[in-house]
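Below: the structure, in structure tokens.
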Amino acid sequence: MSITTVQRIWAEAGLKPHRVETFKFSTDPDLVAKVRDVVGLYLDPPERAIVLSVDEKTQIQALDRTQPMLPLRPGLIERRTHDYKRNGTTSLFAALHVATGEVTHEAPRPPYRR
């Protein structure tokens with residue numbers, strides 16, 4: 001079967017296998033208050049304060065989803081849960097100066113050799 005035939009069949013069925021969505025529903029009753037606290041630090045940081053945010057570079061982690069993916073169907077794209085199980089990570093550290101957009105990073109040191 002040619003690529004063109006597959007593309008035509010997918011188009012006729014409304015399938016778009018290249019599109020993916022993620023979702024997560026929080027059950028934390030204090031979620032809104034927590035989000036307001038965090039966003040408030042960025043919008044109006046305390047005087048003479050440094051606001052640090054730590055996040056992970058998800059594209060360089062070995063992850064498994066906690067739930068099976070929901071497959072694509074006509075009119076619906078593939079969906080997957082936001083939750084995951086870690087199987088290891090590669091660390092990437094950087095700092096973003098929110099006001100200027102400047103990213104600060106330090107290159108990793110080479111391994112110690114005798």
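All residue names refer to the structure tokens as shown: chains lettered A, B, ... in order, residues numbered from 1 in each chain, ligands numbered from 1 in order.
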Quiz prompt | For segment 4-14 of chain A: contacts at 10 Å, only C-alpha atoms, fewer than 4 positions along chain excluded, given as a list in words | solution =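 Counting only C-alpha atoms, the residues come to Leu72, Arg73, Pro74, Gly75, Leu76 and Ile77 of chain A.
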Residues near segment 65-70 of chain A, anyone? I mean within 6 Å using only C-alpha atoms, not counting same-chain ones fewer than 2 positions away, as a CSV table (one decimal) with N, CA and C atoms, in the first residue's frame.
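Result went into out28.csv, see below:
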```csv
chain,number,residue,atom,x,y,z
A,78,GLU,N,-5.1,11.4,19.4
A,78,GLU,CA,-4.6,10.5,20.4
A,78,GLU,C,-4.5,11.3,21.7
A,79,ARG,N,-4.8,10.7,22.9
A,79,ARG,CA,-4.8,11.4,24.2
A,79,ARG,C,-4.0,10.6,25.1
A,80,ARG,N,-3.3,11.3,26.0
A,80,ARG,CA,-2.5,10.6,27.0
A,80,ARG,C,-2.5,11.4,28.3
A,83,ASP,N,0.3,12.3,33.9
A,83,ASP,CA,1.1,11.6,34.9
A,83,ASP,C,2.0,10.6,34.3
A,84,TYR,N,3.2,10.4,35.0
A,84,TYR,CA,4.1,9.5,34.5
A,84,TYR,C,4.9,8.9,35.6
```
Self-check item: In segment 18-68 of chain A, DSSP strand (DSSP E) residues written as an MDAnalysis selection string
Solution: chainID A and resid 20:23 61:65
Quiz prompt | Residue with smallest distance to Leu15 of chain A - pool A:Gly101, A:Pro46, A:Pro71, A:Pro29, counting only C-alpha atoms | solution =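 Of all the options, A:Pro71 lies closest to Leu15 of chain A.
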Exercise. Rounded to one decimal place, report the atom CA of Leu52 of chain A-atom CA of Thr22 of chain A distance in Å.
Key: 26.1 Å
Exercise. Name all residues at most 12 Å from Leu41 of chain A (count only C-alpha atoms; drop same-chain ones fewer than 5 positions away) and give them as a list in words.
Key: Lys34, Val35, Arg36, Pro46, Glu47, Ala49, Ile50, Val51, Leu52, Ser53 and Val98 of chain A
